[in-house]
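A.B. asks: Below you'll find the structure I mean.
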Amino acid sequence: MSDPTRQSQTGRTAGRVREIDPAAIAKHFDSAEAEKRWDEAWQQSGVYRWDPIRPRAETYVVDTPPPTASGSLHVGHVFSYTQADVMVRYKRMRGMNIFYPMGWDDNGLPTERRVQNYYHVRCDPDQPYEPGLVLEEASAKVRKQPARLISRPNFIEACYTLIDEDEDYFRALWRRLGLSVDWTQEYQTIDDHCRRTAQRSFRDLFEKGVVYTSEAPTMWDVDFQCAVAQAEVEDKPMPGAYHRIEFAVEGGDGSFVIATTRPELLGACVGVTAHPDDERYRAYFGKRAITPLFRVPVPIFPSELADPEKGTGVLMVCTFGDATDVLWWRDQGLALRQLIGRSGRLVDVDFGSPAYGSLDPVAANRAYAELAGKNVKQAQQRIVELLRDPAASATGRGAPLVAEPEAIEHPVKFYEKGDRPLEYLPTRQWFARLLDRKQQLLAKGAEVQWHPPFMHARYRDWTENLSLDWCLSRQRYFGVPIPVWYPLGPDQRPDFAKAIVAATDSMPVDPTVDVPPGYAAAQRGQPGGFVGDSDVFDTWFTSSLTPQISSHWGEDPDRHARLFPADVRPQGHDIIRTWAFYTIAKALLHEDEVPWRHTMISGWILDPDRKKMSKSKGNVMTPLPLLEEYTADAGRYWAASARLGSDTAFDEQVWKIGKRLVTKLFNAGKFVLSQPGEAHPISDELDRSFVAELASLTAVCTSSYEQYDYAHALQQTESFFWTHFTDTYLELSKPRARWFADGAIGDAAVASGSAVATLRLGLSVLLRLFAPVLPYITEEIWSWAFAAELAHASIHAAPWPGASDFAHVPAPDDTGSFALAVSAHAAINKAKADAAVSMGREVERLVLVANPATLARLVPVLDDVLRAARCQSHATAADPSLEDGMFTVRDAVFVAKSEA
RNA sequence: GGGCGUGUAGCUCAGCUGGUUAGAGCAUCUCGUUUACACCGAGAGGGUCCGCGGUUCGAAUCCGUGCACGCCCACCA
C-alpha cells in the first residue's frame, strides 16, 4: 500500500486531469459534518489498524499513555495526545505498520475518590455484599448526610460502572480529535489481562528475588490509611514552630534544651543526638537523657547528620518524626515507641512497660492520657500546655518549655493527593529492590532517546538520588490484588517468610476470595490454614507495564517479539520520575531491556497567566467547545505549534489561526482541483523552480519529523503554503492555468498543462505535509480528486512526499528563478499599494528596475510575473546600485477603473 | 543548596552547526472587492535580540558572568 514504486505521479497521468466542479462544493468547510463523516470512514476502512503479519522492522509501536478517565478532561489532553498522534501519522505515511493502542488507567485512588464523591459512598470491607445494588448520582440533599457504607464488591462494581461512562466521554474526544488509534487494541489497567500481566510481573520479580516483604517504617497517609512511595511524595511549605524543651542528663549532671517542631512526639523520643564536634554537647555523648513529662531515659549519641546551626544543635530522635529519625533508629538500634496510629491519632501505650521504661510511670501515663486518642494537631496543642507546668520538668528547674514557640515555615512531606502530612509508621509492605540497581537503571535511561534531550537529566537526577526501594503495596480496594497468601501457624499468625505466590496459570487471582494451591476454602483464617494478602499494587506497578500489556508478554511470545520494546513513549514531564522511571525499571528487571527506544515529553498547558491549569484553581479549559468553534484540525494545529517539552500558555489566538489555515486550504484546494487541463509535463521555468522549492521544503520537513520536531515541520509547511503557494505561485500561474479553458492549443496548451500539473503536484505534496497535523481537511480535499488519481483512498495511507514525487520534474535552469519571480511580483504589488489601486487593476505600463544581472536572470519567468500583475506593457531599467534579487517599479500607469 | 529550561516587536513565538539591513502571525495604521478565499488580498510603522565582559573580520547565535522568570530535586530537629 505504501510501496513508493506503485505510486502514480501527478503530471504524468495521461490525458485530462480529473477536475472537480467547484459549484458542487460547499462555500465553507463544514467541519463538524466532515469530522463525523471521516471518523466513521476511517473506522470502517481500518486505515489505522495494526497488521500483525508485517515484520518488526516495518512496525512502529506506540506506548500510548492510558489516561485516567475519572480525571477531569481539559485542553492539556488535546495538547499532548495530538503531539503524539502527529508523529504517529508521519510514521504511518512513511509506510510504517503502526501499533497505536489506547488504554485506560482506572486503577486506584482517582477512581475511588470519584466514586465516593459521585455516589456519596464509602467502602467498608465489613459490609455484606448486596447483589444488584444500583447506585445513583448523589443529590445535594443526600450529600448532606453521612456517606453510605457499601461492601468492597459493591464498591468495585460502582467503580466499573463509572469508569465505563468516563471512558465513553474520553473516547468521544479522542475520536473527534482524530487520534489515529487502533481501537481494536484497547485495554483497561483493571481488566483481566492487565491484572494477569501485573501479577505475572510480581511473580517474575519474586522468583528473581527482586521483591521482598518487610515490616519497616514507611511513609503513610493517615487519611487514606495507605502506604506511599517516594515518587508520590511532595514537599509543601507549612507553618510550624520550634519548641524549646529542656531535657535532663541522667545522674543529675546537667541539662540541655532541644528544639523540635513536633513536641507531640516527645513520648516517642528514643534518643538524643548532636554533632560529634559540637563542644556544647560533647560531654554528654554516651550518657542518657531524661525526657521531661514522661521521664524516660534515652541514649545521647553523636551524629554527623546533626547540624549545629539548626535549632539548638541538639535534637530528639523519635519514632518517627522524619526520614532521618528512621536512619538513626536503624543505625543506633534504638527502641520503637510508636505513638501515632494508622488513623493519625495517638494510640494507647503504657509508659511503665519495658518498651517505654519511664522512671515515673504513674505521672507519665497520667500525662499521656491527656494525649491518647487525639490527632497530631490536638495532641501538639495539649502537650505544649502540659510542658508549661514546672512539675513536668526532668530537671526540677521549672517548666520544660523554656521559651515561647518560635514560628517558622518549613517544608513538610505530603502524599501528592493528600491533605495532611505523611507519618512514618512501621507497617508490613512489599518492596522492589531498586537501590542496588541504580547503575543499570541509569544505563537503560541513557539508551533511550529523549525528546527533547534535556529531559533525560530529570530521569538521571531522580535515579541518582533515589533513597528508598519501591514500596509496591497499597491499602486500597480498587486495584490489582497482590497475588499472595501466607500460611497461618497454630497461633493463627501469618508466616510472611513463606509467602505463597499464585501460579501464573491461575492469574488473575484475588487472594481474599481465591484459595491457594494445597488448601481448602474452609482453612481461610484457621490455625494451620492460610490468609490472603488484602493489599493491592501501587497503580504504577501496573501502568509501568503498558509496553508488556500491549505486547502480551508471557502469553504470546510472537506478538511480544513484534511489539517489545516499543518505539516511542509519549508522556508528560511531570511523570518522568514515576511512569517513565518505573517502566524503565520493569523492562530492566524482567528482560534487561529498554521499554522503548524514544520518548517524547510534552509540556504542560498553562492558563494565560502562566499558572498551571487545575480543577481547584477553576482555570481549566474544556476542549469540546473549542473544537466546536474552531474545528478539530485547528485544535491540532495549536497543539502541533508547540515544541516538545516546553510549557505553553493557552492562547486561543492560535486556534483562530489554525481555523484560518483550514479555510485557506479548503479554498486553495477547491481552486487547484477545479482547473481543467491536459496533463502535460512540468516544463516551464517558473514551474520547475517552484517544484525545486517544494522539494527542498519536503526535505526540511522530513528531517524535522525524523528528529521529532513536528513543530518546525508545521511552521515551515505553513509558511511555504501561505507565502509561496497561495500568495505567489497560485497568482503567478493562474493566467496560464486558465488558457486551457480558453481553448489553448500548441505551445500555449503545453504551458497551461505545465501550470495545472504543477498546481496539482504542489497541492498534493502540501496536503500530505499537512496531513499529520490536519487530518480532516487534508483528507477532505484529497478525496475530491487525488484519492482516485493517485490510487490511495486515504491521504493517511498515502506515501510521505519524497524524491519520487519530484523525479519526473526537470531541475530549473536557475534555482533562483522562483525567488526572483516572488521579488518582482512583490515590487509590482507595492507599486499598486502605493498608488492605492486594487491588486487586480490592469497596468498600462511600468518600468521594472533591478541590477543588470538580476534583470537578465528574470527573463525566463518575467512573462508569468507580468501576466499575473495584468501588465499590458513594460520596460526595464538597469540600476547597478540595487542588490542582487531586488526590484523596484517606476513610472507605473494604471488603466482607469471604469475601463478595466 | 544542586540541576534543567526560558528571556527576541505591544502579545504569542520562529530564527539549524556564527555571515548582508533580525523574521512570522496576531494587534495597530493605510489601501483594495480580484470569478479559490472579505473566514480575503496588498502595503506600512514597530526591536539596545535581558545586562556586562570575552572570542572573532563578523555574535540573537559561541564562551564567561550577572539579573529575571519557570520547573525538577534536595532541605523537615
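Each chain in the C-alpha cells gets a letter, A, B, ..., in the order shown, and its residues are numbered from 1; ligands are numbered from 1 in order too.
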Counting only C-alpha atoms (C1' of nucleotides), which residues of chain A fall within 6 Å of chain B, and what is the closest atom pair for each with its distance in Å at one decimal, ordered by chain and rising number, as a tab-separated table?
C.D. replies:
residue	atom	partner	partner_atom	distance
A:Thr260	CA	B:A77	C1'	5.4
A:Leu315	CA	B:A77	C1'	5.2
A:Pro411	CA	B:C76	C1'	5.5
A:Val412	CA	B:C76	C1'	5.6
A:Asn667	CA	B:A36	C1'	4.7
A:Ala668	CA	B:A36	C1'	5.1
A:Lys670	CA	B:A36	C1'	6.0
A:Phe671	CA	B:A36	C1'	4.2
A:Ala833	CA	B:G43	C1'	5.5
A:Ala836	CA	B:C31	C1'	5.0
A:Ser838	CA	B:G32	C1'	4.4
A:Gly840	CA	B:U34	C1'	4.8
A.B. asks: Identify, on the basis of only C-alpha atoms (C1' of nucleotides), every residue whose closest approach to A:His451 does not exceed 8 Å; exclude the query and any residue fewer than 5 positions from it along the same chain; express the result as a ChimeraX atom specification.
C.D. replies: /A:598-601,644-645,708
A.B. asks: For the selection just defined, write its residues with N, CA, C and O atoms to a file, as a short mmCIF file (atom, residue, chain, number, x, y, z; two decimals), in the first residue's frame.
C.D. replies:
data_model
loop_
_atom_site.label_atom_id
_atom_site.label_comp_id
_atom_site.auth_asym_id
_atom_site.auth_seq_id
_atom_site.Cartn_x
_atom_site.Cartn_y
_atom_site.Cartn_z
N HIS A 598 12.49 5.54 22.04
CA HIS A 598 12.35 7.00 22.11
C HIS A 598 11.29 7.35 23.13
O HIS A 598 10.35 6.59 23.33
N THR A 599 11.45 8.52 23.72
CA THR A 599 10.32 9.03 24.48
C THR A 599 10.15 10.50 24.13
O THR A 599 11.13 11.25 24.03
N MET A 600 8.92 10.89 23.85
CA MET A 600 8.66 12.29 23.55
C MET A 600 7.90 12.90 24.72
O MET A 600 6.85 12.41 25.13
N ILE A 601 8.48 13.95 25.27
CA ILE A 601 7.97 14.53 26.50
C ILE A 601 7.23 15.83 26.18
O ILE A 601 7.83 16.79 25.70
N LEU A 644 8.10 20.18 21.69
CA LEU A 644 8.09 19.20 22.77
C LEU A 644 8.78 19.78 24.00
O LEU A 644 9.74 20.52 23.89
N GLY A 645 8.23 19.42 25.14
CA GLY A 645 8.92 19.72 26.39
C GLY A 645 8.72 21.12 26.92
O GLY A 645 9.08 21.40 28.05
N TYR A 708 11.73 14.32 15.59
CA TYR A 708 10.55 14.54 16.42
C TYR A 708 10.23 16.02 16.54
O TYR A 708 9.59 16.45 17.48
#
A.B. asks: What lies within 12 Å of B:G58 using only C-alpha atoms (C1' of nucleotides), ignoring chain neighbours under 3 positions off, as an NGL selection string?
C.D. replies: :B and (18-20 or 55)
A.B. asks: Limited to all heavy atoms, could you put the picked residues into a file as an mmCIF file, in the first residue's frame?
C.D. replies:
data_model
loop_
_atom_site.group_PDB
_atom_site.id
_atom_site.type_symbol
_atom_site.label_atom_id
_atom_site.label_comp_id
_atom_site.auth_asym_id
_atom_site.auth_seq_id
_atom_site.Cartn_x
_atom_site.Cartn_y
_atom_site.Cartn_z
ATOM 1 P P G B 18 28.423 28.125 14.042
ATOM 2 O OP1 G B 18 28.833 28.185 12.640
ATOM 3 O OP2 G B 18 29.284 28.690 15.052
ATOM 4 O "O5'" G B 18 26.987 28.737 14.355
ATOM 5 C "C5'" G B 18 26.116 29.478 13.618
ATOM 6 C "C4'" G B 18 26.403 30.961 13.526
ATOM 7 O "O4'" G B 18 27.502 31.311 14.391
ATOM 8 C "C3'" G B 18 26.869 31.346 12.131
ATOM 9 O "O3'" G B 18 25.764 31.711 11.279
ATOM 10 C "C2'" G B 18 27.947 32.442 12.355
ATOM 11 O "O2'" G B 18 27.484 33.707 11.984
ATOM 12 C "C1'" G B 18 28.179 32.412 13.856
ATOM 13 N N9 G B 18 29.599 32.349 14.212
ATOM 14 C C8 G B 18 30.420 31.254 14.286
ATOM 15 N N7 G B 18 31.644 31.555 14.644
ATOM 16 C C5 G B 18 31.636 32.936 14.816
ATOM 17 C C6 G B 18 32.671 33.829 15.202
ATOM 18 O O6 G B 18 33.831 33.571 15.481
ATOM 19 N N1 G B 18 32.204 35.136 15.254
ATOM 20 C C2 G B 18 30.942 35.548 14.976
ATOM 21 N N2 G B 18 30.707 36.839 15.076
ATOM 22 N N3 G B 18 29.976 34.722 14.629
ATOM 23 C C4 G B 18 30.389 33.444 14.569
ATOM 24 P P G B 19 24.805 32.788 11.128
ATOM 25 O OP1 G B 19 24.527 33.441 12.413
ATOM 26 O OP2 G B 19 23.724 32.261 10.295
ATOM 27 O "O5'" G B 19 25.614 33.833 10.229
ATOM 28 C "C5'" G B 19 25.504 35.249 10.492
ATOM 29 C "C4'" G B 19 25.803 36.029 9.240
ATOM 30 O "O4'" G B 19 27.237 36.081 9.040
ATOM 31 C "C3'" G B 19 25.210 35.416 7.975
ATOM 32 O "O3'" G B 19 24.895 36.460 7.059
ATOM 33 C "C2'" G B 19 26.382 34.614 7.408
ATOM 34 O "O2'" G B 19 26.325 34.421 6.037
ATOM 35 C "C1'" G B 19 27.557 35.517 7.782
ATOM 36 N N9 G B 19 28.841 34.807 7.905
ATOM 37 C C8 G B 19 29.069 33.456 7.914
ATOM 38 N N7 G B 19 30.318 33.157 8.043
ATOM 39 C C5 G B 19 30.968 34.383 8.110
ATOM 40 C C6 G B 19 32.340 34.703 8.257
ATOM 41 O O6 G B 19 33.297 33.938 8.354
ATOM 42 N N1 G B 19 32.555 36.074 8.278
ATOM 43 C C2 G B 19 31.571 37.021 8.185
ATOM 44 N N2 G B 19 31.963 38.273 8.226
ATOM 45 N N3 G B 19 30.276 36.733 8.056
ATOM 46 C C4 G B 19 30.063 35.407 8.023
ATOM 47 P P U B 20 23.473 37.233 7.052
ATOM 48 O OP1 U B 20 22.612 36.556 8.017
ATOM 49 O OP2 U B 20 23.035 37.406 5.645
ATOM 50 O "O5'" U B 20 23.897 38.639 7.667
ATOM 51 C "C5'" U B 20 23.293 39.816 7.238
ATOM 52 C "C4'" U B 20 24.321 40.777 6.683
ATOM 53 O "O4'" U B 20 24.720 40.331 5.360
ATOM 54 C "C3'" U B 20 23.800 42.193 6.521
ATOM 55 O "O3'" U B 20 24.840 43.122 6.767
ATOM 56 C "C2'" U B 20 23.396 42.255 5.050
ATOM 57 O "O2'" U B 20 23.475 43.544 4.509
ATOM 58 C "C1'" U B 20 24.455 41.332 4.405
ATOM 59 N N1 U B 20 23.940 40.709 3.190
ATOM 60 C C2 U B 20 24.120 41.392 1.992
ATOM 61 O O2 U B 20 24.660 42.471 1.946
ATOM 62 N N3 U B 20 23.622 40.754 0.890
ATOM 63 C C4 U B 20 22.982 39.542 0.859
ATOM 64 O O4 U B 20 22.591 39.093 -0.212
ATOM 65 C C5 U B 20 22.839 38.899 2.131
ATOM 66 C C6 U B 20 23.312 39.491 3.227
ATOM 67 P P U B 55 38.931 39.339 23.338
ATOM 68 O OP1 U B 55 40.404 39.414 23.327
ATOM 69 O OP2 U B 55 38.109 40.435 22.762
ATOM 70 O "O5'" U B 55 38.514 37.981 22.621
ATOM 71 C "C5'" U B 55 39.139 36.747 22.963
ATOM 72 C "C4'" U B 55 38.562 35.630 22.135
ATOM 73 O "O4'" U B 55 37.159 35.448 22.473
ATOM 74 C "C3'" U B 55 38.537 35.893 20.635
ATOM 75 O "O3'" U B 55 39.794 35.612 20.028
ATOM 76 C "C2'" U B 55 37.433 34.953 20.166
ATOM 77 O "O2'" U B 55 37.895 33.617 20.085
ATOM 78 C "C1'" U B 55 36.432 35.057 21.322
ATOM 79 N N1 U B 55 35.377 36.061 21.062
ATOM 80 C C2 U B 55 34.297 35.669 20.290
ATOM 81 O O2 U B 55 34.193 34.553 19.827
ATOM 82 N N3 U B 55 33.351 36.640 20.090
ATOM 83 C C4 U B 55 33.369 37.932 20.571
ATOM 84 O O4 U B 55 32.437 38.695 20.302
ATOM 85 C C5 U B 55 34.519 38.263 21.354
ATOM 86 C C6 U B 55 35.460 37.342 21.571
#
A.B. asks: Give me the residues within 10 Å of A:Arg643 as a ChimeraX atom specification, counting only C-alpha atoms (C1' of nucleotides) and dropping any in the same chain fewer than 4 places off.
C.D. replies: /A:83,451-452,601-603,639,647-648,708-712
A.B. asks: Generate the output file for the selected residues, N, CA, C and O atoms, as an mmCIF file, in the first residue's frame.
C.D. replies:
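Result went into selection-v5.cif, see below:
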data_model
loop_
_atom_site.group_PDB
_atom_site.id
_atom_site.type_symbol
_atom_site.label_atom_id
_atom_site.label_comp_id
_atom_site.auth_asym_id
_atom_site.auth_seq_id
_atom_site.Cartn_x
_atom_site.Cartn_y
_atom_site.Cartn_z
ATOM 1 N N GLN A 83 0.167 15.797 19.955
ATOM 2 C CA GLN A 83 1.584 15.796 19.606
ATOM 3 C C GLN A 83 2.057 14.378 19.279
ATOM 4 O O GLN A 83 2.815 14.168 18.327
ATOM 5 N N HIS A 451 13.279 13.094 23.808
ATOM 6 C CA HIS A 451 12.939 14.266 23.007
ATOM 7 C C HIS A 451 12.062 15.184 23.851
ATOM 8 O O HIS A 451 10.959 14.773 24.201
ATOM 9 N N PRO A 452 12.515 16.387 24.193
ATOM 10 C CA PRO A 452 13.829 16.940 23.921
ATOM 11 C C PRO A 452 14.881 16.298 24.817
ATOM 12 O O PRO A 452 14.546 15.813 25.894
ATOM 13 N N ILE A 601 8.477 13.946 25.266
ATOM 14 C CA ILE A 601 7.966 14.527 26.502
ATOM 15 C C ILE A 601 7.229 15.827 26.175
ATOM 16 O O ILE A 601 7.827 16.789 25.702
ATOM 17 N N SER A 602 5.941 15.823 26.447
ATOM 18 C CA SER A 602 5.143 17.019 26.194
ATOM 19 C C SER A 602 5.227 17.975 27.365
ATOM 20 O O SER A 602 5.421 17.566 28.504
ATOM 21 N N GLY A 603 5.051 19.244 27.045
ATOM 22 C CA GLY A 603 4.974 20.248 28.106
ATOM 23 C C GLY A 603 3.567 20.316 28.659
ATOM 24 O O GLY A 603 2.701 19.519 28.309
ATOM 25 N N ALA A 639 -1.884 22.482 19.057
ATOM 26 C CA ALA A 639 -1.031 21.556 19.803
ATOM 27 C C ALA A 639 0.297 21.335 19.077
ATOM 28 O O ALA A 639 1.353 21.258 19.703
ATOM 29 N N ASP A 647 6.461 24.169 28.266
ATOM 30 C CA ASP A 647 5.150 24.530 28.786
ATOM 31 C C ASP A 647 4.639 25.719 27.986
ATOM 32 O O ASP A 647 5.399 26.619 27.646
ATOM 33 N N THR A 648 3.364 25.706 27.703
ATOM 34 C CA THR A 648 2.809 26.706 26.798
ATOM 35 C C THR A 648 1.575 27.334 27.421
ATOM 36 O O THR A 648 0.703 26.632 27.913
ATOM 37 N N TYR A 708 11.727 14.315 15.590
ATOM 38 C CA TYR A 708 10.553 14.543 16.421
ATOM 39 C C TYR A 708 10.225 16.022 16.536
ATOM 40 O O TYR A 708 9.586 16.454 17.478
ATOM 41 N N ASP A 709 10.678 16.794 15.578
ATOM 42 C CA ASP A 709 10.400 18.229 15.612
ATOM 43 C C ASP A 709 9.260 18.552 14.648
ATOM 44 O O ASP A 709 9.440 19.218 13.634
ATOM 45 N N TYR A 710 8.088 18.050 15.010
ATOM 46 C CA TYR A 710 6.916 18.275 14.165
ATOM 47 C C TYR A 710 6.588 19.756 14.081
ATOM 48 O O TYR A 710 6.066 20.231 13.075
ATOM 49 N N ALA A 711 6.876 20.491 15.145
ATOM 50 C CA ALA A 711 6.504 21.915 15.188
ATOM 51 C C ALA A 711 7.248 22.693 14.097
ATOM 52 O O ALA A 711 6.678 23.558 13.439
ATOM 53 N N HIS A 712 8.506 22.369 13.920
ATOM 54 C CA HIS A 712 9.288 23.047 12.892
ATOM 55 C C HIS A 712 8.766 22.683 11.507
ATOM 56 O O HIS A 712 8.640 23.545 10.629
#
A.B. asks: Excluding same-chain residues fewer than 4 positions from stretch 188-193 of chain A, what lies within 10 Å of it counting only C-alpha atoms (C1' of nucleotides), as number ranges by chain?
C.D. replies: A: 66-68, 102-108, 160, 163, 167, 197-199, 478-480, 507-509, 539, 542-543, 545-546, 549-550, 552, 555
A.B. asks: Going by DSSP on the backbone, which residues of stretch 288-410 of chain A come out as strand (DSSP E)? List them as a list of chain:residue names.
C.D. replies: A:Arg288, A:Ala289, A:Ile290, A:Pro297, A:Val298, A:Pro299, A:Ile300, A:Phe301, A:Pro302, A:Val314, A:Leu315, A:Met316, A:Val317, A:Cys318, A:Glu406, A:Ala407, A:Ile408, A:Glu409, A:His410
A.B. asks: Determine, counting only C-alpha atoms (C1' of nucleotides), which protein, DNA and RNA residues have an atom within 8 Å of an atom of stretch 222-234 of chain A; residues of the same chain fewer than 6 positions away are not included. Present the result as a list in words.
C.D. replies: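 So the residues in contact are Arg342, Ser343, Gly344, Lys413, Phe414, Tyr415, Glu416, Gly418, Asp419, Arg420, Leu422, Glu423, Gln429, Leu468, Trp470, Cys471, Leu472, Ser473, Arg474, Gln475, Arg476, Arg577 and Thr578 of chain A.
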A.B. asks: Would you mind listing what lies within 12 Å of B:C67 as a VMD selection string, with only C-alpha atoms (C1' of nucleotides) counted and same-chain residues fewer than 2 positions away left out?
C.D. replies: chain B and resid 7 50 to 52 65 69
A.B. asks: What is the atom CA of A:Asp558-atom CA of A:Lys444 distance in Å, reported with one decimal?
C.D. replies: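 Rounded to one decimal, the two atoms are 23.9 Å apart.
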A.B. asks: How many Å lie between atom CA of A:Glu464 and atom CA of A:Ala446, rounded to one decimal?
C.D. replies: 12.7 Å
